[in-house]
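**Q** Structure in C-alpha coordinates, see below.
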Amino acid sequence: MLKQPELQCKALVQLVTEYLDDALAPHERAAFERHVGECEDCGVYLDQMRATIAALGELPPERLTGSARERLLTTFRSWVAPV
Amino acid sequence: MRTSDSELLAALRRGDELAFSRLIDDLNPSLLRVAMAHVSSRAVAEEVVQETWLGVIRGLDRFEGRSSLKTWIFRILTNTATTRGARERRIVPFSSLADDDGEPLDPDRFFPSDHERYPDHWALGPTPWETPEDDLLSAETHEVILSAIDELPPAQRTVITLRDVEGWPAAEVCDALEISEGNQRVLLHRARTRVRAALESYHDAVEQTVAHTA
(Lines give C-alpha, C1' and ligand atoms only; values in the text may rest on other atoms or scores of the structure.)
Protein backbone atom coordinates (compact mmCIF):
# COMPACT_ATOMS: atom_id res chain seq x y z
CA MET A 1 0.00 0.00 0.00
CA LEU A 2 1.18 3.45 -0.83
CA LYS A 3 2.04 5.37 2.28
CA GLN A 4 0.34 8.76 2.57
CA PRO A 5 2.91 11.53 2.68
CA GLU A 6 3.25 12.86 6.19
CA LEU A 7 1.58 16.20 6.93
CA GLN A 8 4.31 18.79 7.51
CA CYS A 9 4.20 22.01 9.51
CA LYS A 10 4.07 24.30 6.47
CA ALA A 11 0.96 22.53 5.16
CA LEU A 12 -0.61 22.15 8.57
CA VAL A 13 -0.77 25.88 9.28
CA GLN A 14 -2.85 26.26 6.09
CA LEU A 15 -5.46 23.86 7.42
CA VAL A 16 -6.20 25.47 10.77
CA THR A 17 -9.43 27.19 9.76
CA GLU A 18 -10.70 24.09 7.99
CA TYR A 19 -9.84 22.09 11.09
CA LEU A 20 -11.64 24.49 13.42
CA ASP A 21 -14.67 24.59 11.08
CA ASP A 22 -14.69 20.80 11.11
CA ALA A 23 -14.38 20.78 7.33
CA LEU A 24 -11.50 18.31 7.00
CA ALA A 25 -12.05 14.78 5.72
CA PRO A 26 -11.71 12.21 8.51
CA HIS A 27 -8.25 11.03 7.38
CA GLU A 28 -7.03 14.65 7.11
CA ARG A 29 -8.40 15.40 10.53
CA ALA A 30 -6.63 12.39 11.97
CA ALA A 31 -3.34 13.41 10.32
CA PHE A 32 -3.79 16.97 11.62
CA GLU A 33 -4.37 15.82 15.19
CA ARG A 34 -1.52 13.32 15.04
CA HIS A 35 0.86 16.04 13.91
CA VAL A 36 -0.28 18.59 16.50
CA GLY A 37 0.06 15.95 19.20
CA GLU A 38 3.70 15.44 18.34
CA CYS A 39 4.84 18.88 17.19
CA GLU A 40 5.21 21.48 19.89
CA ASP A 41 5.52 24.43 17.49
CA CYS A 42 2.32 23.53 15.65
CA GLY A 43 0.57 23.06 19.00
CA VAL A 44 1.60 26.58 20.00
CA TYR A 45 0.49 27.89 16.61
CA LEU A 46 -2.94 26.27 16.92
CA ASP A 47 -3.36 27.70 20.44
CA GLN A 48 -2.45 31.15 19.17
CA MET A 49 -4.96 30.94 16.34
CA ARG A 50 -7.62 29.97 18.89
CA ALA A 51 -6.57 32.85 21.16
CA THR A 52 -6.69 35.23 18.18
CA ILE A 53 -10.22 34.16 17.30
CA ALA A 54 -11.31 34.51 20.94
CA ALA A 55 -9.79 38.01 21.11
CA LEU A 56 -11.56 39.03 17.88
CA GLY A 57 -14.84 38.05 19.52
CA GLU A 58 -14.12 40.33 22.47
CA LEU A 59 -13.87 43.58 20.55
CA PRO A 60 -16.31 46.14 21.90
CA PRO A 61 -19.38 46.55 19.67
CA GLU A 62 -19.69 49.46 17.29
CA ARG A 63 -22.70 51.65 17.99
CA LEU A 64 -24.59 54.32 16.18
CA THR A 65 -24.66 57.60 18.04
CA GLY A 66 -27.79 58.15 20.09
CA SER A 67 -29.01 60.95 17.84
CA ALA A 68 -28.62 58.85 14.69
CA ARG A 69 -30.65 56.11 16.33
CA GLU A 70 -33.32 58.61 17.34
CA ARG A 71 -33.54 59.96 13.77
CA LEU A 72 -34.05 56.45 12.44
CA LEU A 73 -36.85 55.76 14.86
CA THR A 74 -38.52 59.01 13.89
CA THR A 75 -38.28 58.08 10.21
CA PHE A 76 -39.67 54.64 10.93
CA ARG A 77 -42.59 56.16 12.82
CA SER A 78 -43.47 58.57 10.04
CA TRP A 79 -42.95 56.14 7.17
CA VAL A 80 -44.61 53.03 8.44
CA ALA A 81 -47.48 54.67 10.28
CA PRO A 82 -48.29 57.75 8.27
CA VAL A 83 -50.89 59.89 9.98
CA MET B 1 -39.60 32.35 5.17
CA ARG B 2 -38.52 31.48 8.69
CA THR B 3 -41.23 31.87 11.31
CA SER B 4 -39.19 34.31 13.37
CA ASP B 5 -38.65 36.36 10.21
CA SER B 6 -42.29 36.44 9.21
CA GLU B 7 -43.36 37.42 12.71
CA LEU B 8 -40.77 40.16 12.79
CA LEU B 9 -41.77 41.34 9.33
CA ALA B 10 -45.42 41.50 10.30
CA ALA B 11 -44.51 43.53 13.39
CA LEU B 12 -42.42 45.93 11.33
CA ARG B 13 -45.18 46.39 8.79
CA ARG B 14 -47.60 47.12 11.60
CA GLY B 15 -45.25 49.89 12.65
CA ASP B 16 -44.09 48.18 15.85
CA GLU B 17 -41.39 50.55 16.98
CA LEU B 18 -40.00 48.26 19.64
CA ALA B 19 -39.43 45.55 17.04
CA PHE B 20 -37.66 48.06 14.80
CA SER B 21 -35.44 49.41 17.56
CA ARG B 22 -34.49 45.87 18.59
CA LEU B 23 -33.61 45.07 15.01
CA ILE B 24 -31.37 48.10 14.59
CA ASP B 25 -29.64 47.45 17.91
CA ASP B 26 -29.14 43.87 16.89
CA LEU B 27 -27.76 44.51 13.40
CA ASN B 28 -26.08 47.89 13.63
CA PRO B 29 -22.73 46.67 14.98
CA SER B 30 -22.32 44.29 12.02
CA LEU B 31 -23.69 46.82 9.54
CA LEU B 32 -21.29 49.48 10.73
CA ARG B 33 -18.28 47.22 10.58
CA VAL B 34 -19.12 45.99 7.11
CA ALA B 35 -19.75 49.55 5.96
CA MET B 36 -16.37 50.55 7.35
CA ALA B 37 -14.79 47.85 5.22
CA HIS B 38 -16.12 49.61 2.13
CA VAL B 39 -15.70 53.30 2.76
CA SER B 40 -12.92 55.47 4.05
CA SER B 41 -14.21 56.88 7.29
CA ARG B 42 -16.39 56.11 10.23
CA ALA B 43 -18.55 59.13 9.47
CA VAL B 44 -19.29 57.94 5.93
CA ALA B 45 -19.92 54.43 7.25
CA GLU B 46 -22.54 55.81 9.63
CA GLU B 47 -24.22 57.57 6.73
CA VAL B 48 -24.22 54.34 4.75
CA VAL B 49 -25.88 52.56 7.66
CA GLN B 50 -28.48 55.31 7.95
CA GLU B 51 -29.18 55.13 4.24
CA THR B 52 -29.46 51.35 4.51
CA TRP B 53 -32.14 51.59 7.17
CA LEU B 54 -34.05 54.11 5.10
CA GLY B 55 -33.90 51.61 2.24
CA VAL B 56 -35.17 48.92 4.61
CA ILE B 57 -38.07 51.05 5.81
CA ARG B 58 -39.05 51.95 2.24
CA GLY B 59 -38.66 48.38 1.04
CA LEU B 60 -40.56 46.63 3.84
CA ASP B 61 -43.70 46.27 1.77
CA ARG B 62 -41.83 44.91 -1.23
CA PHE B 63 -39.73 42.37 0.65
CA GLU B 64 -40.86 38.95 -0.52
CA GLY B 65 -38.97 36.77 1.88
CA ARG B 66 -36.95 34.86 -0.69
CA SER B 67 -33.90 35.37 1.48
CA SER B 68 -33.75 35.90 5.21
CA LEU B 69 -34.52 39.38 6.45
CA LYS B 70 -30.94 39.73 7.65
CA THR B 71 -29.52 38.75 4.26
CA TRP B 72 -31.82 41.19 2.51
CA ILE B 73 -30.72 44.02 4.81
CA PHE B 74 -27.06 43.22 4.20
CA ARG B 75 -27.62 43.26 0.45
CA ILE B 76 -29.07 46.75 0.77
CA LEU B 77 -26.06 47.73 2.84
CA THR B 78 -23.61 46.28 0.33
CA ASN B 79 -25.30 48.07 -2.56
CA THR B 80 -25.36 51.34 -0.69
CA ALA B 81 -21.76 50.99 0.45
CA THR B 82 -20.59 50.00 -3.02
CA THR B 83 -22.18 53.07 -4.59
CA ARG B 84 -20.72 55.25 -1.91
CA GLY B 85 -17.30 53.60 -2.11
CA ALA B 86 -17.24 53.96 -5.91
CA ARG B 87 -17.88 57.66 -5.51
CA GLU B 88 -14.95 57.76 -3.14
CA ARG B 89 -12.91 55.56 -5.46
CA ARG B 90 -12.02 53.31 -2.61
CA ILE B 91 -14.12 50.38 -3.59
CA VAL B 92 -12.69 47.06 -4.60
CA PRO B 93 -15.48 45.01 -6.14
CA PHE B 94 -16.29 42.33 -3.65
CA SER B 95 -16.68 39.65 -6.27
CA SER B 96 -13.06 40.09 -7.26
CA LEU B 97 -11.62 37.67 -4.81
CA ALA B 98 -8.34 38.49 -6.45
CA ASP B 99 -7.51 39.67 -3.02
CA ASP B 100 -4.04 38.46 -3.67
CA ASP B 101 -1.97 40.11 -1.09
CA GLY B 102 0.99 37.77 -0.90
CA GLU B 103 1.75 35.19 1.77
CA PRO B 104 -0.08 35.85 5.03
CA LEU B 105 2.60 33.90 6.91
CA ASP B 106 6.26 34.49 6.05
CA PRO B 107 7.42 31.37 4.12
CA ASP B 108 10.92 31.91 5.48
CA ARG B 109 9.72 30.68 8.82
CA PHE B 110 9.87 27.16 7.41
CA PHE B 111 12.82 25.08 6.22
CA PRO B 112 12.75 24.51 2.45
CA SER B 113 10.97 21.46 1.04
CA ASP B 114 14.29 19.89 0.04
CA HIS B 115 15.87 20.30 3.47
CA GLU B 116 17.49 16.98 4.29
CA ARG B 117 16.44 16.71 7.92
CA TYR B 118 13.43 18.98 8.38
CA PRO B 119 11.65 19.57 5.07
CA ASP B 120 8.77 22.05 5.50
CA HIS B 121 9.16 22.10 9.27
CA TRP B 122 9.27 25.29 11.31
CA ALA B 123 12.64 27.00 11.15
CA LEU B 124 11.42 29.80 13.36
CA GLY B 125 8.54 28.42 15.37
CA PRO B 126 6.05 30.60 17.25
CA THR B 127 7.05 31.68 20.75
CA PRO B 128 4.31 30.93 23.26
CA TRP B 129 2.57 34.09 24.44
CA GLU B 130 3.67 34.29 28.05
CA THR B 131 1.07 36.83 28.98
CA PRO B 132 -1.97 36.31 31.14
CA GLU B 133 -5.21 35.54 29.30
CA ASP B 134 -6.52 38.91 30.39
CA ASP B 135 -3.99 40.63 28.22
CA LEU B 136 -5.90 39.54 25.12
CA LEU B 137 -8.77 41.64 26.39
CA SER B 138 -6.77 44.78 27.04
CA ALA B 139 -7.44 48.03 25.21
CA GLU B 140 -3.98 47.86 23.71
CA THR B 141 -4.64 44.43 22.25
CA HIS B 142 -7.91 45.72 20.83
CA GLU B 143 -6.00 48.48 19.09
CA VAL B 144 -3.51 45.99 17.62
CA ILE B 145 -6.35 43.83 16.33
CA LEU B 146 -8.36 46.72 14.93
CA SER B 147 -5.43 48.13 13.01
CA ALA B 148 -4.55 44.65 11.69
CA ILE B 149 -8.15 44.28 10.46
CA ASP B 150 -7.99 47.71 8.91
CA GLU B 151 -4.95 46.77 6.85
CA LEU B 152 -6.60 43.66 5.39
CA PRO B 153 -7.89 43.64 1.82
CA PRO B 154 -11.65 44.47 1.86
CA ALA B 155 -13.02 40.98 1.25
CA GLN B 156 -10.90 39.48 4.04
CA ARG B 157 -11.80 42.36 6.32
CA THR B 158 -15.52 41.83 5.77
CA VAL B 159 -15.42 38.07 6.27
CA ILE B 160 -13.35 38.11 9.47
CA THR B 161 -15.55 40.90 10.82
CA LEU B 162 -18.73 38.94 10.33
CA ARG B 163 -17.40 35.53 11.34
CA ASP B 164 -15.08 36.28 14.23
CA VAL B 165 -15.98 39.74 15.48
CA GLU B 166 -19.75 39.50 15.07
CA GLY B 167 -19.93 35.73 15.45
CA TRP B 168 -22.02 34.89 12.39
CA PRO B 169 -22.16 31.25 11.27
CA ALA B 170 -20.33 30.48 8.01
CA ALA B 171 -23.55 29.81 6.07
CA GLU B 172 -24.97 33.26 6.84
CA VAL B 173 -21.76 34.97 5.78
CA CYS B 174 -21.77 33.11 2.45
CA ASP B 175 -25.40 34.04 1.96
CA ALA B 176 -25.04 37.73 2.77
CA LEU B 177 -21.89 38.17 0.67
CA GLU B 178 -22.91 35.76 -2.09
CA ILE B 179 -19.69 33.81 -1.97
CA SER B 180 -19.04 30.07 -1.82
CA GLU B 181 -18.17 28.30 1.38
CA GLY B 182 -14.70 27.56 0.04
CA ASN B 183 -14.01 31.20 -0.80
CA GLN B 184 -15.34 32.28 2.54
CA ARG B 185 -12.97 29.92 4.32
CA VAL B 186 -9.92 30.96 2.31
CA LEU B 187 -10.61 34.63 3.02
CA LEU B 188 -11.21 33.94 6.70
CA HIS B 189 -8.05 31.89 7.01
CA ARG B 190 -5.84 34.50 5.38
CA ALA B 191 -7.36 37.18 7.56
CA ARG B 192 -6.91 35.21 10.79
CA THR B 193 -3.35 34.36 9.85
CA ARG B 194 -2.56 38.06 9.47
CA VAL B 195 -4.24 39.07 12.70
CA ARG B 196 -2.35 36.34 14.58
CA ALA B 197 0.88 37.59 13.04
CA ALA B 198 0.09 41.14 14.20
CA LEU B 199 -0.53 39.89 17.73
CA GLU B 200 2.71 37.92 17.55
CA SER B 201 4.71 41.04 16.62
CA TYR B 202 3.02 42.90 19.43
CA HIS B 203 3.84 40.17 21.97
CA ASP B 204 7.44 39.96 20.75
CA ALA B 205 7.82 43.71 21.14
CA VAL B 206 6.32 43.66 24.64
CA GLU B 207 8.60 40.82 25.73
CA GLN B 208 11.65 42.57 24.36
CA THR B 209 10.78 45.69 26.31
CA VAL B 210 10.32 43.61 29.46
CA ALA B 211 13.65 41.85 28.86
CA HIS B 212 15.32 45.19 28.26
CA THR B 213 14.06 46.82 31.42
CA ALA B 214 14.72 43.73 33.56
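FYI, nothing fancy with the C-alpha coordinates labels: chains A, B, ... in order, residues from 1 per chain, ligands from 1 as they appear.
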Hey, which bits of chain B sit within 8 Å of chain A, and for each residue what's the closest pair of atoms and how far apart in Å (one decimal), counting only C-alpha atoms, rows by chain and increasing number, as JSON lines?

**A**
```
{"residue": "B:Leu12", "atom": "CA", "partner": "A:Val80", "partner_atom": "CA", "distance": 8.0}
{"residue": "B:Arg13", "atom": "CA", "partner": "A:Val80", "partner_atom": "CA", "distance": 6.7}
{"residue": "B:Arg14", "atom": "CA", "partner": "A:Val80", "partner_atom": "CA", "distance": 7.3}
{"residue": "B:Gly15", "atom": "CA", "partner": "A:Val80", "partner_atom": "CA", "distance": 5.3}
{"residue": "B:Glu17", "atom": "CA", "partner": "A:Arg77", "partner_atom": "CA", "distance": 7.1}
{"residue": "B:Phe20", "atom": "CA", "partner": "A:Leu73", "partner_atom": "CA", "distance": 7.7}
{"residue": "B:Ser21", "atom": "CA", "partner": "A:Leu73", "partner_atom": "CA", "distance": 7.0}
{"residue": "B:Asn28", "atom": "CA", "partner": "A:Arg63", "partner_atom": "CA", "distance": 6.7}
{"residue": "B:Pro29", "atom": "CA", "partner": "A:Glu62", "partner_atom": "CA", "distance": 4.7}
{"residue": "B:Ser30", "atom": "CA", "partner": "A:Glu62", "partner_atom": "CA", "distance": 7.8}
{"residue": "B:Leu32", "atom": "CA", "partner": "A:Glu62", "partner_atom": "CA", "distance": 6.8}
{"residue": "B:Arg33", "atom": "CA", "partner": "A:Glu62", "partner_atom": "CA", "distance": 7.2}
{"residue": "B:Glu46", "atom": "CA", "partner": "A:Leu64", "partner_atom": "CA", "distance": 7.0}
{"residue": "B:Gln50", "atom": "CA", "partner": "A:Leu72", "partner_atom": "CA", "distance": 7.2}
{"residue": "B:Trp53", "atom": "CA", "partner": "A:Leu72", "partner_atom": "CA", "distance": 7.4}
{"residue": "B:Leu54", "atom": "CA", "partner": "A:Leu72", "partner_atom": "CA", "distance": 7.7}
{"residue": "B:Ile57", "atom": "CA", "partner": "A:Phe76", "partner_atom": "CA", "distance": 6.5}
{"residue": "B:Arg58", "atom": "CA", "partner": "A:Trp79", "partner_atom": "CA", "distance": 7.6}
{"residue": "B:Phe110", "atom": "CA", "partner": "A:Lys10", "partner_atom": "CA", "distance": 6.5}
{"residue": "B:Pro119", "atom": "CA", "partner": "A:Gln8", "partner_atom": "CA", "distance": 7.8}
{"residue": "B:Asp120", "atom": "CA", "partner": "A:Lys10", "partner_atom": "CA", "distance": 5.3}
{"residue": "B:His121", "atom": "CA", "partner": "A:Cys9", "partner_atom": "CA", "distance": 5.0}
{"residue": "B:Trp122", "atom": "CA", "partner": "A:Cys9", "partner_atom": "CA", "distance": 6.3}
{"residue": "B:Gly125", "atom": "CA", "partner": "A:Asp41", "partner_atom": "CA", "distance": 5.4}
{"residue": "B:Pro126", "atom": "CA", "partner": "A:Asp41", "partner_atom": "CA", "distance": 6.2}
{"residue": "B:Thr127", "atom": "CA", "partner": "A:Val44", "partner_atom": "CA", "distance": 7.5}
{"residue": "B:Pro128", "atom": "CA", "partner": "A:Val44", "partner_atom": "CA", "distance": 6.1}
{"residue": "B:Trp129", "atom": "CA", "partner": "A:Gln48", "partner_atom": "CA", "distance": 7.8}
{"residue": "B:Leu136", "atom": "CA", "partner": "A:Ala55", "partner_atom": "CA", "distance": 5.8}
{"residue": "B:Leu137", "atom": "CA", "partner": "A:Ala55", "partner_atom": "CA", "distance": 6.5}
{"residue": "B:His142", "atom": "CA", "partner": "A:Leu59", "partner_atom": "CA", "distance": 6.3}
{"residue": "B:Ile145", "atom": "CA", "partner": "A:Leu56", "partner_atom": "CA", "distance": 7.2}
{"residue": "B:Asp164", "atom": "CA", "partner": "A:Gly57", "partner_atom": "CA", "distance": 5.6}
{"residue": "B:Val165", "atom": "CA", "partner": "A:Gly57", "partner_atom": "CA", "distance": 4.5}
{"residue": "B:Glu166", "atom": "CA", "partner": "A:Gly57", "partner_atom": "CA", "distance": 6.8}
{"residue": "B:Gly167", "atom": "CA", "partner": "A:Gly57", "partner_atom": "CA", "distance": 6.9}
{"residue": "B:Arg185", "atom": "CA", "partner": "A:Thr17", "partner_atom": "CA", "distance": 7.0}
{"residue": "B:Leu188", "atom": "CA", "partner": "A:Thr17", "partner_atom": "CA", "distance": 7.6}
{"residue": "B:His189", "atom": "CA", "partner": "A:Thr17", "partner_atom": "CA", "distance": 5.6}
{"residue": "B:Arg192", "atom": "CA", "partner": "A:Met49", "partner_atom": "CA", "distance": 7.3}
{"residue": "B:Thr193", "atom": "CA", "partner": "A:Met49", "partner_atom": "CA", "distance": 7.5}
{"residue": "B:Val195", "atom": "CA", "partner": "A:Thr52", "partner_atom": "CA", "distance": 7.1}
{"residue": "B:Arg196", "atom": "CA", "partner": "A:Thr52", "partner_atom": "CA", "distance": 5.7}
{"residue": "B:Leu199", "atom": "CA", "partner": "A:Thr52", "partner_atom": "CA", "distance": 7.7}
```

**Q** Excluding same-chain residues fewer than 4 positions from B:Arg75, what lies within 10 Å of it counting only C-alpha atoms, as a list in words?

**A** Thr52, Leu69, Lys70, Thr71, Asn79, Thr80, Ala81, Asp175, Ala176, Leu177 and Glu178 of chain B

**Q** Can you pull out every residue from stretch 29-63 of chain A that DSSP, working from the backbone, puts in helix (DSSP H, G or I), and format the result as a PyMOL selection string?

**A** chain A and resi 29-38+40-56

**Q** Find the residue from B:Pro104, B:Gly65, B:Gly55, B:Pro153 that sits nearest to B:Thr78; use only C-alpha atoms when measuring.

**A** B:Gly55

**Q** One decimal, Å: what's the distance from atom CA of B:Ala43 over to atom CA of B:Gly59, could you say?

**A**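 Atom CA of B:Gly59 lies at a distance of 24.3 Å from atom CA of B:Ala43.
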